[in-house]
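> You'll find protein15.cif just under this line, and it carries mmCIF, C-alpha atoms.
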```
data_final
loop_
_atom_site.label_atom_id
_atom_site.label_comp_id
_atom_site.auth_asym_id
_atom_site.auth_seq_id
_atom_site.Cartn_x
_atom_site.Cartn_y
_atom_site.Cartn_z
CA MET I 1 170.96 23.97 64.91
CA PHE I 2 167.80 24.01 62.77
CA CYS I 3 165.51 22.43 65.34
CA GLU I 4 165.51 21.14 68.88
CA CYS I 5 162.56 19.10 70.14
CA ARG I 6 162.12 18.11 73.79
CA ASN I 7 159.32 15.90 75.10
CA LEU I 8 157.34 16.77 71.99
CA THR I 9 153.98 15.01 71.67
CA VAL I 10 151.15 15.26 69.17
CA ARG I 11 147.87 13.53 69.95
CA ARG I 12 145.26 12.69 67.36
CA GLY I 13 142.17 11.71 69.27
CA PRO I 14 143.15 8.90 71.62
CA ALA I 15 146.24 7.99 69.58
CA MET I 16 149.71 9.44 70.11
CA ALA I 17 150.93 10.42 66.64
CA LEU I 18 154.28 11.72 67.83
CA ASN I 19 156.20 11.27 71.06
CA ILE I 20 159.75 12.50 70.81
CA ALA I 21 161.85 12.78 73.95
CA ARG I 22 164.74 14.55 72.26
CA LEU I 23 165.68 15.30 68.71
CA GLY I 24 167.98 17.85 67.19
CA ILE I 25 168.49 18.48 63.48
CA ARG I 26 171.49 20.45 62.36
CA ALA I 27 171.15 23.38 60.01
CA GLY I 28 172.66 23.22 56.54
CA ARG I 29 172.52 19.42 56.39
CA ILE I 30 170.34 16.83 54.68
CA THR I 31 168.43 14.65 57.13
CA ALA I 32 166.35 11.65 56.07
CA VAL I 33 163.47 10.63 58.32
CA VAL I 34 162.47 7.06 57.61
CA GLY I 35 159.77 4.87 59.03
CA PRO I 36 156.72 2.83 58.07
CA ASN I 37 153.34 4.39 57.25
CA GLY I 38 151.75 5.88 60.34
CA SER I 39 155.06 6.27 62.16
CA GLY I 40 154.62 10.05 62.46
CA LYS I 41 156.93 11.29 59.69
CA THR I 42 154.40 13.67 58.13
CA THR I 43 153.25 14.88 61.54
CA LEU I 44 156.87 15.63 62.48
CA LEU I 45 157.34 17.68 59.31
CA GLU I 46 154.07 19.54 59.92
CA VAL I 47 155.22 20.44 63.43
CA LEU I 48 158.64 21.57 62.16
CA ALA I 49 156.98 23.61 59.39
CA LEU I 50 154.89 25.30 62.12
CA LEU I 51 151.68 24.08 60.53
CA ARG I 52 150.60 21.93 63.46
CA ARG I 53 150.70 22.83 67.15
CA PRO I 54 152.20 20.08 69.32
CA THR I 55 150.02 18.80 72.15
CA SER I 56 152.89 19.27 74.59
CA GLY I 57 156.63 19.76 74.71
CA GLN I 58 159.08 22.29 73.45
CA LEU I 59 160.15 23.15 69.94
CA LYS I 60 162.94 25.54 69.06
CA LEU I 61 163.77 26.59 65.51
CA TRP I 62 167.14 28.26 65.05
CA GLY I 63 167.33 28.55 68.82
CA ARG I 64 163.97 30.34 69.20
CA ARG I 65 160.83 28.94 70.84
CA ALA I 66 158.48 28.33 67.93
CA GLY I 67 154.78 27.67 67.32
CA PRO I 68 152.24 28.02 64.48
CA GLY I 69 151.49 31.61 65.54
CA ASP I 70 155.04 32.71 64.71
CA ARG I 71 154.55 33.82 61.12
CA LYS I 72 158.05 35.27 60.82
CA LEU I 73 159.65 31.92 61.63
CA ARG I 74 157.07 30.05 59.56
CA ARG I 75 158.15 32.03 56.51
CA LYS I 76 161.72 30.75 56.85
CA VAL I 77 160.70 27.13 56.50
CA VAL I 78 158.59 25.50 53.82
CA MET I 79 157.02 22.07 53.58
CA VAL I 80 156.58 20.21 50.29
CA MET I 81 153.66 17.86 50.82
CA HIS I 82 152.88 14.50 49.34
CA PRO I 83 150.99 14.53 47.12
CA GLY I 84 151.33 18.26 46.68
CA TYR I 85 148.29 20.45 46.17
CA MET I 86 148.44 22.53 43.01
CA PHE I 87 146.37 25.70 42.86
CA ARG I 88 144.01 26.12 39.91
CA GLY I 89 145.56 27.77 36.93
CA ASN I 90 148.97 27.46 35.38
CA VAL I 91 152.40 26.66 36.79
CA TRP I 92 153.32 30.34 36.88
CA ARG I 93 150.41 31.18 39.17
CA ASN I 94 151.53 28.41 41.49
CA LEU I 95 155.08 29.75 41.53
CA MET I 96 153.96 33.31 42.20
CA TYR I 97 151.67 32.35 45.10
CA GLY I 98 154.30 32.33 47.84
CA LEU I 99 156.07 35.35 46.39
CA LYS I 100 152.86 37.38 46.38
CA ALA I 101 152.16 36.25 49.94
CA ARG I 102 155.49 37.87 50.83
CA GLY I 103 154.59 41.06 49.02
CA LEU I 104 157.03 40.36 46.20
CA ALA I 105 156.04 41.33 42.68
CA GLY I 106 157.56 42.68 39.52
CA ALA I 107 160.95 41.80 38.09
CA GLU I 108 162.36 40.24 41.25
CA ALA I 109 159.42 37.89 41.68
CA ARG I 110 159.52 36.93 38.00
CA SER I 111 163.24 36.26 38.13
CA ARG I 112 162.89 34.12 41.27
CA ALA I 113 160.04 32.11 39.76
CA ALA I 114 161.89 31.54 36.50
CA GLY I 115 165.06 30.59 38.42
CA ALA I 116 163.14 28.05 40.50
CA LEU I 117 161.72 26.44 37.35
CA LYS I 118 165.23 26.15 35.92
CA MET I 119 166.44 24.50 39.14
CA VAL I 120 163.92 21.69 38.72
CA ALA I 121 164.78 21.36 35.03
CA LEU I 122 161.38 22.57 33.79
CA PRO I 123 162.33 25.96 32.32
CA ASP I 124 159.56 26.01 29.70
CA PHE I 125 156.69 24.97 31.94
CA ALA I 126 155.52 28.40 33.14
CA HIS I 127 152.38 28.45 31.02
CA ARG I 128 151.47 24.77 31.34
CA HIS I 129 148.27 24.15 33.25
CA ALA I 130 148.83 22.51 36.63
CA ALA I 131 146.20 19.85 35.89
CA ASP I 132 148.04 18.78 32.73
CA LEU I 133 151.24 17.76 34.53
CA SER I 134 152.41 14.21 35.13
CA ALA I 135 153.08 13.07 38.71
CA GLY I 136 156.81 13.69 38.33
CA GLU I 137 156.34 17.13 36.76
CA ARG I 138 153.85 18.03 39.45
CA GLN I 139 156.32 17.11 42.14
CA ARG I 140 159.06 19.18 40.52
CA VAL I 141 156.76 22.20 40.17
CA ASN I 142 155.75 21.66 43.78
CA LEU I 143 159.43 21.80 44.70
CA ALA I 144 160.07 24.85 42.50
CA ARG I 145 157.16 26.65 44.16
CA ALA I 146 158.79 26.07 47.53
CA LEU I 147 162.24 27.10 46.30
CA ALA I 148 160.97 30.32 44.72
CA ILE I 149 160.33 31.80 48.16
CA GLY I 150 163.96 31.25 49.17
CA PRO I 151 163.47 29.19 52.35
CA GLU I 152 166.21 28.56 54.90
CA ALA I 153 164.83 25.09 55.53
CA ILE I 154 162.87 22.83 53.22
CA LEU I 155 160.92 19.83 54.50
CA LEU I 156 159.91 17.27 51.88
CA ASP I 157 157.33 14.60 52.57
CA GLU I 158 158.11 11.52 50.46
CA PRO I 159 159.48 13.63 47.59
CA VAL I 160 160.19 10.73 45.24
CA ALA I 161 157.17 8.52 45.88
CA ASN I 162 155.38 7.48 42.66
CA VAL I 163 157.58 9.54 40.36
CA ASP I 164 159.74 8.67 37.36
CA ALA I 165 163.50 8.00 37.47
CA ARG I 166 164.26 11.40 35.90
CA THR I 167 162.47 13.19 38.76
CA VAL I 168 164.37 11.12 41.35
CA GLU I 169 167.63 12.17 39.70
CA VAL I 170 166.64 15.86 39.49
CA VAL I 171 165.43 15.97 43.09
CA GLY I 172 168.56 14.21 44.41
CA LYS I 173 170.90 16.62 42.63
CA LEU I 174 168.82 19.59 43.68
CA LEU I 175 168.85 18.69 47.37
CA ARG I 176 172.66 18.39 47.32
CA ARG I 177 172.91 21.73 45.52
CA LEU I 178 170.67 23.40 48.08
CA ARG I 179 172.87 22.13 50.90
CA ASP I 180 176.23 22.80 49.24
CA GLU I 181 175.57 26.10 47.47
CA ARG I 182 172.86 27.75 49.54
CA ASP I 183 173.36 26.24 52.97
CA VAL I 184 169.67 25.26 53.07
CA THR I 185 168.57 22.75 55.71
CA VAL I 186 166.84 19.78 54.05
CA VAL I 187 164.69 17.20 55.81
CA HIS I 188 163.01 14.52 53.72
CA THR I 189 160.93 11.51 54.63
CA SER I 190 160.45 8.09 53.06
CA PRO I 191 158.72 4.91 54.16
CA GLY I 192 161.75 2.69 53.64
CA ASP I 193 164.93 2.54 51.66
CA SER I 194 164.36 5.59 49.52
CA GLN I 195 166.45 6.29 46.47
CA LEU I 196 167.19 9.61 48.12
CA ARG I 197 168.62 8.07 51.26
CA ALA I 198 172.12 8.26 49.78
CA THR I 199 171.86 12.06 49.73
CA ALA I 200 171.35 12.24 53.49
CA ASP I 201 174.04 13.26 55.95
CA ARG I 202 172.01 11.65 58.68
CA VAL I 203 169.14 9.19 58.99
CA VAL I 204 166.52 9.34 61.75
CA ARG I 205 164.28 6.31 62.10
CA LEU I 206 160.76 6.82 63.45
CA GLU I 207 158.45 4.09 64.64
CA ALA I 208 155.06 4.56 66.26
CA GLY I 209 155.84 8.24 66.73
CA LYS I 210 159.13 7.66 68.55
CA VAL I 211 162.71 8.12 67.43
CA GLN I 212 164.05 4.58 67.34
CA GLU I 213 167.45 5.24 65.98
CA ALA I 214 169.54 8.05 64.63
CA ASP I 215 172.90 7.49 63.10
CA GLU I 216 174.37 10.25 65.18
CA PRO I 217 173.47 11.35 68.72
CA THR I 218 170.01 12.85 69.11
CA GLU I 219 171.30 15.09 71.88
CA THR I 220 170.46 18.63 71.06
CA ASP I 221 173.62 20.17 72.39
CA MET N 222 92.62 34.84 25.56
CA THR N 223 93.60 33.92 21.99
CA GLU N 224 94.85 37.46 21.40
CA ALA N 225 97.09 37.34 24.49
CA PRO N 226 100.29 36.12 22.80
CA ALA N 227 100.13 38.86 20.15
CA LYS N 228 99.42 41.50 22.79
CA ALA N 229 102.22 40.16 24.98
CA TRP N 230 104.63 40.41 22.07
CA GLN N 231 103.42 44.00 21.47
CA LEU N 232 104.06 44.87 25.15
CA LEU N 233 107.57 43.45 24.91
CA ARG N 234 108.35 45.20 21.63
CA SER N 235 107.04 48.57 22.79
CA LEU N 236 108.93 48.29 26.11
CA ASP N 237 105.74 49.01 28.02
CA PRO N 238 106.50 51.26 31.06
CA ASP N 239 104.40 49.17 33.48
CA LEU N 240 106.16 46.03 32.36
CA LEU N 241 109.58 47.64 32.64
CA ALA N 242 108.79 48.94 36.13
CA CYS N 243 108.03 45.38 37.33
CA VAL N 244 111.21 44.04 35.75
CA LYS N 245 113.25 46.84 37.34
CA VAL N 246 111.86 46.26 40.86
CA SER N 247 112.32 42.50 40.51
CA LEU N 248 115.89 42.68 39.28
CA LEU N 249 116.97 45.36 41.75
CA CYS N 250 115.56 43.46 44.72
CA SER N 251 116.82 40.06 43.55
CA LEU N 252 120.33 41.26 42.67
CA THR N 253 120.73 43.19 45.94
CA ALA N 254 119.46 40.28 48.03
CA THR N 255 121.68 37.77 46.19
CA ALA N 256 124.77 39.97 46.47
CA ALA N 257 124.19 40.43 50.21
CA ALA N 258 123.61 36.69 50.65
CA VAL N 259 126.86 35.86 48.83
CA LEU N 260 128.87 38.40 50.83
CA ALA N 261 127.48 37.16 54.13
CA GLY N 262 127.14 33.50 53.18
CA ALA N 263 130.54 32.80 51.60
CA PRO N 264 132.57 33.20 54.83
CA VAL N 265 130.04 31.08 56.74
CA ALA N 266 130.14 28.44 53.99
CA VAL N 267 133.95 28.32 54.06
CA LEU N 268 133.86 27.91 57.84
CA LEU N 269 131.28 25.10 57.63
CA GLY N 270 132.99 23.43 54.69
CA ARG N 271 136.59 23.59 55.86
CA ARG N 272 136.56 23.55 59.68
CA ARG N 273 135.45 20.93 62.17
CA PHE N 274 133.71 22.25 65.28
CA PRO N 275 130.90 20.99 67.55
CA ALA N 276 127.95 22.95 66.11
CA ARG N 277 128.96 22.34 62.48
CA ARG N 278 126.49 19.55 61.74
CA VAL N 279 123.61 21.41 63.36
CA LEU N 280 124.37 24.52 61.29
CA LEU N 281 124.63 22.49 58.09
CA VAL N 282 121.26 20.86 58.77
CA ALA N 283 119.82 24.33 59.48
CA ALA N 284 121.21 25.67 56.18
CA HIS N 285 119.81 22.73 54.21
CA THR N 286 116.45 23.09 55.97
CA GLY N 287 116.50 26.80 55.15
CA MET N 288 116.67 25.91 51.47
CA ALA N 289 113.28 24.23 51.70
CA VAL N 290 111.42 26.89 53.69
CA PRO N 291 108.36 28.09 51.73
CA THR N 292 108.54 31.75 50.77
CA VAL N 293 105.15 32.43 52.34
CA VAL N 294 106.54 31.31 55.70
CA ILE N 295 109.37 33.85 55.42
CA GLY N 296 106.79 36.41 54.32
CA LEU N 297 104.60 35.55 57.30
CA LEU N 298 107.46 35.83 59.81
CA LEU N 299 108.61 39.16 58.39
CA TYR N 300 105.05 40.44 58.28
CA GLY N 301 104.82 39.68 62.00
CA LEU N 302 108.08 41.51 62.64
CA LEU N 303 107.63 44.48 60.30
CA GLY N 304 103.83 44.87 60.53
CA ARG N 305 102.28 47.77 62.40
CA GLY N 306 101.93 45.82 65.66
CA GLY N 307 105.26 44.00 65.26
CA PRO N 308 108.49 44.72 67.16
CA LEU N 309 110.09 46.32 64.06
CA GLY N 310 106.88 48.03 62.96
CA PRO N 311 108.03 51.57 63.91
CA ILE N 312 110.88 51.53 61.35
CA GLY N 313 108.26 51.63 58.59
CA MET N 314 109.83 49.02 56.37
CA LEU N 315 106.71 47.05 55.47
CA TYR N 316 105.60 47.40 51.84
CA THR N 317 108.91 48.82 50.69
CA PRO N 318 111.52 47.36 48.32
CA ARG N 319 113.87 47.11 51.34
CA ALA N 320 111.45 44.68 52.98
CA ILE N 321 111.46 42.53 49.83
CA VAL N 322 115.28 42.61 49.79
CA LEU N 323 115.38 41.52 53.44
CA GLY N 324 112.98 38.65 52.82
CA GLU N 325 114.80 37.53 49.69
CA PHE N 326 118.11 37.74 51.54
CA LEU N 327 116.71 35.31 54.12
CA LEU N 328 115.67 33.05 51.26
CA ALA N 329 119.03 33.23 49.43
CA PHE N 330 121.39 33.03 52.43
CA PRO N 331 120.82 29.33 53.28
CA ILE N 332 121.07 28.41 49.59
CA VAL N 333 124.48 30.07 49.31
CA VAL N 334 125.68 28.56 52.59
CA ALA N 335 124.46 25.01 51.88
CA LEU N 336 125.63 24.79 48.27
CA PHE N 337 128.92 26.64 48.66
CA SER N 338 129.90 24.80 51.85
CA SER N 339 129.56 21.50 49.92
CA ALA N 340 131.84 22.86 47.19
CA ALA N 341 134.37 24.11 49.75
CA ALA N 342 134.30 20.79 51.63
CA ALA N 343 135.12 18.94 48.41
CA LEU N 344 138.47 20.75 48.04
CA ASP N 345 141.69 18.93 48.89
CA PRO N 346 142.33 18.97 52.66
CA LYS N 347 145.91 20.07 51.98
CA LEU N 348 144.84 23.37 50.44
CA GLU N 349 145.12 25.51 53.58
CA MET N 350 148.37 23.90 54.72
CA THR N 351 149.90 24.49 51.29
CA ALA N 352 148.85 28.13 51.34
CA ARG N 353 150.15 28.62 54.89
CA THR N 354 153.50 26.96 54.29
CA LEU N 355 153.98 29.25 51.29
CA GLY N 356 153.52 32.21 53.64
CA ALA N 357 149.82 33.09 53.36
CA GLY N 358 148.09 34.75 56.29
CA ARG N 359 144.49 34.03 57.33
CA LEU N 360 142.89 36.43 54.84
CA ARG N 361 144.92 35.15 51.89
CA VAL N 362 144.11 31.54 52.86
CA PHE N 363 140.40 32.45 52.93
CA ARG N 364 140.63 34.19 49.54
CA THR N 365 142.46 31.16 48.15
CA VAL N 366 139.70 28.78 49.31
CA ILE N 367 137.09 31.03 47.64
CA ARG N 368 139.10 31.13 44.43
CA GLU N 369 139.73 27.40 44.36
CA ALA N 370 136.01 26.72 44.85
CA LYS N 371 134.80 29.50 42.57
CA VAL N 372 132.84 27.15 40.32
CA GLY N 373 130.82 26.11 43.37
CA LEU N 374 130.34 29.72 44.41
CA ILE N 375 129.05 30.66 40.96
CA ALA N 376 126.64 27.70 40.97
CA ALA N 377 125.41 28.66 44.47
CA THR N 378 124.99 32.31 43.42
CA MET N 379 123.05 31.37 40.30
CA SER N 380 120.78 29.01 42.25
CA ALA N 381 120.10 31.68 44.87
CA PHE N 382 119.40 34.33 42.24
CA GLY N 383 117.08 32.00 40.35
CA ARG N 384 115.14 31.25 43.52
CA VAL N 385 114.70 34.86 44.69
CA CYS N 386 113.90 36.12 41.20
CA SER N 387 111.03 33.65 40.84
CA GLU N 388 109.64 33.78 44.38
CA LEU N 389 106.13 35.13 44.98
CA GLY N 390 105.25 34.75 48.67
CA ILE N 391 107.69 37.29 50.10
CA ALA N 392 107.11 39.97 47.48
CA MET N 393 103.35 39.59 47.84
CA MET N 394 103.15 39.52 51.65
CA ILE N 395 105.68 42.15 52.66
CA GLY N 396 106.07 44.03 49.39
CA GLY N 397 102.38 44.72 49.09
CA ASN N 398 102.34 44.69 45.27
CA ILE N 399 102.28 48.50 44.98
CA LYS N 400 102.44 49.54 41.32
CA HIS N 401 105.78 51.08 40.26
CA HIS N 402 107.08 50.70 43.83
CA THR N 403 107.01 47.11 45.05
CA ARG N 404 105.30 45.29 42.21
CA THR N 405 107.63 42.55 41.03
CA MET N 406 107.29 40.35 37.97
CA THR N 407 105.82 37.46 39.96
CA THR N 408 103.30 39.54 41.90
CA ALA N 409 102.31 41.30 38.69
CA ILE N 410 101.72 37.95 36.98
CA ALA N 411 99.47 36.83 39.85
CA VAL N 412 97.51 40.11 39.90
CA GLU N 413 97.21 40.56 36.13
CA THR N 414 96.07 36.96 35.63
CA ALA N 415 93.44 37.37 38.36
CA GLY N 416 92.28 40.55 36.63
CA GLY N 417 92.05 38.86 33.23
CA GLU N 418 95.05 40.74 31.76
CA PHE N 419 96.71 37.66 30.30
CA ALA N 420 98.92 39.59 27.87
CA MET N 421 100.89 41.40 30.60
CA ALA N 422 101.17 38.15 32.62
CA LEU N 423 102.37 36.28 29.57
CA ALA N 424 104.96 38.95 28.70
CA LEU N 425 106.34 38.90 32.25
CA GLY N 426 106.32 35.11 32.29
CA LEU N 427 108.39 35.14 29.12
CA ILE N 428 110.93 37.50 30.69
CA LEU N 429 111.16 35.21 33.76
CA LEU N 430 111.76 32.24 31.49
CA LEU N 431 114.51 34.13 29.66
CA ILE N 432 116.14 35.03 32.98
CA ALA N 433 116.00 31.34 34.03
CA LEU N 434 117.56 30.37 30.72
CA GLY N 435 120.31 32.98 31.13
CA ILE N 436 121.10 31.77 34.64
CA ASN N 437 121.42 28.18 33.47
CA VAL N 438 123.59 29.11 30.50
CA VAL N 439 125.98 30.99 32.84
CA ALA N 440 125.97 28.17 35.41
CA GLN N 441 126.59 25.48 32.79
CA THR N 442 129.44 27.47 31.25
CA PHE N 443 131.27 27.31 34.56
CA ARG N 444 130.14 23.81 35.52
CA LEU N 445 131.17 22.00 32.34
CA PRO N 446 134.59 20.42 32.86
CA SER N 447 137.26 21.95 30.71
CA ARG N 448 139.93 19.89 28.97
CA ARG N 449 142.14 20.61 32.00
CA ASN N 450 139.67 19.29 34.50
CA TYR N 451 139.44 16.03 32.55
CA ALA N 452 143.14 15.62 33.23
CA ASP N 453 142.33 15.67 36.95
CA VAL N 454 139.73 12.97 36.52
CA LEU N 455 141.98 10.74 34.41
#
```
Represent the supplied structure as structure tokens.

Amino acid sequence: MFCECRNLTVRRGPAMALNIARLGIRAGRITAVVGPNGSGKTTLLEVLALLRRPTSGQLKLWGRRAGPGDRKLRRKVVMVMHPGYMFRGNVWRNLMYGLKARGLAGAEARSRAAGALKMVALPDFAHRHAADLSAGERQRVNLARALAIGPEAILLDEPVANVDARTVEVVGKLLRRLRDERDVTVVHTSPGDSQLRATADRVVRLEAGKVQEADEPTETD
Amino acid sequence: MTEAPAKAWQLLRSLDPDLLACVKVSLLCSLTATAAAVLAGAPVAVLLGRRRFPARRVLLVAAHTGMAVPTVVIGLLLYGLLGRGGPLGPIGMLYTPRAIVLGEFLLAFPIVVALFSSAAAALDPKLEMTARTLGAGRLRVFRTVIREAKVGLIAATMSAFGRVCSELGIAMMIGGNIKHHTRTMTTAIAVETAGGEFAMALALGLILLLIALGINVVAQTFRLPSRRNYADVL
């Protein structure tokens, strides 16, 4: 099991952004989280990526109690935000960021970064400046940057919003490859009927911070 | 008076020792004070620019107010502290270059904090989360914020350096204008003009103008949007 949430709440001022009684997400599967704007999708991903501390409740990742202070666990999961932030400089610098943060350098880091660029079908983009990229290219570099660090789980916030058809196709294929060839857990969100929904093994519907429906039991055991 | 420009040019060409001594004291004090203000001010600016906490607004108002404090007021306060009867009188710092550095640090610190915190605040709110999800620890996140806002930091540094280099009140009141020891370019200009030595004052004024020009050239080089930054705007 990738994650188990019990009575998980996140408050933002007086509003309850997330209020999940029970939710489990299996490892090595693709899960789509759908719901309208403000339903708590991004907040859920932030909590699962250990970037936001829940107000109350319990979160387990791979069977271990988890929180933002757990850097070891945090390094196993990566979140691809929407729209993604690109660091100043070129694509290569962006790709190397996470690798350097893990103390990786030299040939291994270079090979991982180049491999990640190939996976998103942008093999010749290393020296392009981040600010020169189109929305679709940006999103693919954003994805490559996350893949370069070799995560066990990847959480994508609206990965195909405002991007071209080619990017939708590349991202869809990539997510299936990650699941099938690398056993990576994938969770992606979309506001409605996303073009990526077909890739999902399971769909979880969120509304006003609560799980309204999941096409398989939300029981964690 | 009419001969002053020619004499000033002669002083500059001959690298007059008195003139060079003033330039040296000025630059040493200004550079040290600015460097210390950047080192101490950058972390504070990042905190004020990127975090939300109860005293934030009060501290930002204090930093912006600090930018407008007259140099003679800083000089007066330090004179009270460092003077013979003051609480820090026994350390013997009054009328030393260290006293000037301390005063100029107090002048530069709020400039760095106020200007750099604005630049840091303008960065994308997702910056820290992106860095953290890619595995960065606190120190790397901090370094990343500094790097991403480096244009703002350079502008803040240049503004602070320009201000301390051209200030008069602090150097005069707690430096004491001692020749070859604490005499800066600005105090020398004031003293030489009062003594009728217009040539020396004019030569030093010219050097100050050149420094101001240099600072602006450097600042503009970093401020001007590159082709890549236009892409962000479009």
> Selected by the PyMOL selection byres ((chain N and resi 377) around 9) in the shown coordinates: which residues, as number ranges by chain?
N: 259, 332-337, 372-376, 378-382
> Can you pull out the residues contacting Gln195 in chain I? Cut-off 9 Å, using all atoms listed in the file, and skip same-chain residues under 4 positions away; I want them as a PyMOL selection string.
chain I and resi 160+168+172+199
> Given the PyMOL selection byres ((chain I and resi 205-215) around 12) and the file above, list the residues it selects as a PyMOL selection string.
chain I and resi 5-12+15-25+31-44+188-193+197+200-204+216-219
> Using the chain letters and residue numbers of this document, give as a count of residues only the residues selected by the PyMOL selection byres ((chain I) within 9 of (chain N)).
33
> CA of Phe443 in chain N and CA of Gly383 in chain N are how many Å apart?
16.0 Å
> If you measure from CA of Asp164 in chain I to CA of Ser134 in chain I, what distance in Å do you get, rounded to one decimal?
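These atoms are spaced 9.5 Å apart.
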> Which residues are near range 106-114 of chain I? Cut-off 8 Å, only C-alpha atoms, ignore same chain within fewer than 6 positions. Put them as a PyMOL selection string.
chain I and resi 92+95-96+99+123+126+144-145+148-149
> Nearest residue to Gly396 in chain N out of N:Ala242, N:Val279, N:Ala329, N:Met314, using only C-alpha atoms?
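Once distances to Gly396 in chain N are computed over only C-alpha atoms, the minimum belongs to N:Met314.
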> Counting all atoms listed in the file, find the residues whose atoms lie at most 8 Å from (113.2, 34.2, 53.4) (file coordinates) and write them out as a PDB file with C-alpha atoms, in the frame of the given file.

```pdb
ATOM      1  CA  VAL N 290     111.420  26.890  53.690  1.00  0.00           C
ATOM      2  CA  PRO N 291     108.360  28.090  51.730  1.00  0.00           C
ATOM      3  CA  THR N 292     108.540  31.750  50.770  1.00  0.00           C
ATOM      4  CA  VAL N 294     106.540  31.310  55.700  1.00  0.00           C
ATOM      5  CA  ILE N 295     109.370  33.850  55.420  1.00  0.00           C
ATOM      6  CA  GLY N 296     106.790  36.410  54.320  1.00  0.00           C
ATOM      7  CA  LEU N 323     115.380  41.520  53.440  1.00  0.00           C
ATOM      8  CA  GLY N 324     112.980  38.650  52.820  1.00  0.00           C
ATOM      9  CA  GLU N 325     114.800  37.530  49.690  1.00  0.00           C
ATOM     10  CA  PHE N 326     118.110  37.740  51.540  1.00  0.00           C
ATOM     11  CA  LEU N 327     116.710  35.310  54.120  1.00  0.00           C
ATOM     12  CA  LEU N 328     115.670  33.050  51.260  1.00  0.00           C
ATOM     13  CA  ALA N 329     119.030  33.230  49.430  1.00  0.00           C
ATOM     14  CA  ILE N 391     107.690  37.290  50.100  1.00  0.00           C
TER      15      ILE N 391
END
```
> Could you list, as a list of chain:residue names, every residue within 12 Å of Val282 in chain N, counting all atoms listed in the file and ignoring same-chain residues fewer than 4 positions away?
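Final neighbour list, sorted by chain and number: N:Leu269, N:Ala276, N:Arg277, N:Arg278, N:Thr286, N:Gly287, N:Met288, N:Ala289, N:Pro331, N:Ile332, N:Val334, N:Ala335, N:Ser338.
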> Grab the residues selected above and save them as a CSV table (one decimal), keeping the file's coordinate frame with C-alpha atoms.

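Written output follows (result-v4.csv):
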```csv
chain,number,residue,atom,x,y,z
N,269,LEU,CA,131.3,25.1,57.6
N,276,ALA,CA,128.0,23.0,66.1
N,277,ARG,CA,129.0,22.3,62.5
N,278,ARG,CA,126.5,19.6,61.7
N,286,THR,CA,116.4,23.1,56.0
N,287,GLY,CA,116.5,26.8,55.2
N,288,MET,CA,116.7,25.9,51.5
N,289,ALA,CA,113.3,24.2,51.7
N,331,PRO,CA,120.8,29.3,53.3
N,332,ILE,CA,121.1,28.4,49.6
N,334,VAL,CA,125.7,28.6,52.6
N,335,ALA,CA,124.5,25.0,51.9
N,338,SER,CA,129.9,24.8,51.8
```
> Of the candidates I:Ala153, I:Leu104, I:Leu117, I:Leu147, which shows the shortest atom-to-atom distance to Trp62 in chain I, using all atoms listed in the file?
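Among the listed residues, the smallest separation from Trp62 in chain I belongs to I:Ala153.
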> Need to verify the contact set: range 421-426 of chain N, 12 Å, all atoms listed in the file, exclusion of same-chain residues closer than 6 positions in sequence. Can you return it as a short mmCIF file (atom, residue, chain, number, x, y, z; two decimals) with C-alpha atoms, in the coordinates of the input?

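The result, written out as selection_5.cif:
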```
data_model
loop_
_atom_site.label_atom_id
_atom_site.label_comp_id
_atom_site.auth_asym_id
_atom_site.auth_seq_id
_atom_site.Cartn_x
_atom_site.Cartn_y
_atom_site.Cartn_z
CA MET N 222 92.62 34.84 25.56
CA THR N 223 93.60 33.92 21.99
CA GLU N 224 94.85 37.46 21.40
CA ALA N 225 97.09 37.34 24.49
CA PRO N 226 100.29 36.12 22.80
CA ALA N 227 100.13 38.86 20.15
CA LYS N 228 99.42 41.50 22.79
CA ALA N 229 102.22 40.16 24.98
CA TRP N 230 104.63 40.41 22.07
CA GLN N 231 103.42 44.00 21.47
CA LEU N 232 104.06 44.87 25.15
CA LEU N 233 107.57 43.45 24.91
CA ARG N 234 108.35 45.20 21.63
CA SER N 235 107.04 48.57 22.79
CA LEU N 236 108.93 48.29 26.11
CA ASP N 237 105.74 49.01 28.02
CA PRO N 238 106.50 51.26 31.06
CA ASP N 239 104.40 49.17 33.48
CA LEU N 240 106.16 46.03 32.36
CA LEU N 241 109.58 47.64 32.64
CA ALA N 242 108.79 48.94 36.13
CA CYS N 243 108.03 45.38 37.33
CA VAL N 244 111.21 44.04 35.75
CA LYS N 245 113.25 46.84 37.34
CA SER N 247 112.32 42.50 40.51
CA CYS N 386 113.90 36.12 41.20
CA SER N 387 111.03 33.65 40.84
CA ARG N 404 105.30 45.29 42.21
CA THR N 405 107.63 42.55 41.03
CA MET N 406 107.29 40.35 37.97
CA THR N 407 105.82 37.46 39.96
CA THR N 408 103.30 39.54 41.90
CA ALA N 409 102.31 41.30 38.69
CA ILE N 410 101.72 37.95 36.98
CA ALA N 411 99.47 36.83 39.85
CA VAL N 412 97.51 40.11 39.90
CA GLU N 413 97.21 40.56 36.13
CA THR N 414 96.07 36.96 35.63
CA ALA N 415 93.44 37.37 38.36
CA ILE N 432 116.14 35.03 32.98
CA ALA N 433 116.00 31.34 34.03
#
```
> By how many Å are CA of Phe363 in chain N and CA of Leu344 in chain N apart?
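Atom-to-atom, CA of Phe363 in chain N to CA of Leu344 in chain N, that is 12.8 Å.
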> Give me the residues within 9 Å of Leu268 in chain N as a ChimeraX atom specification, counting all atoms listed in the file and dropping any in the same chain fewer than 4 places off.
/N:263-264,272-273,277,338,341
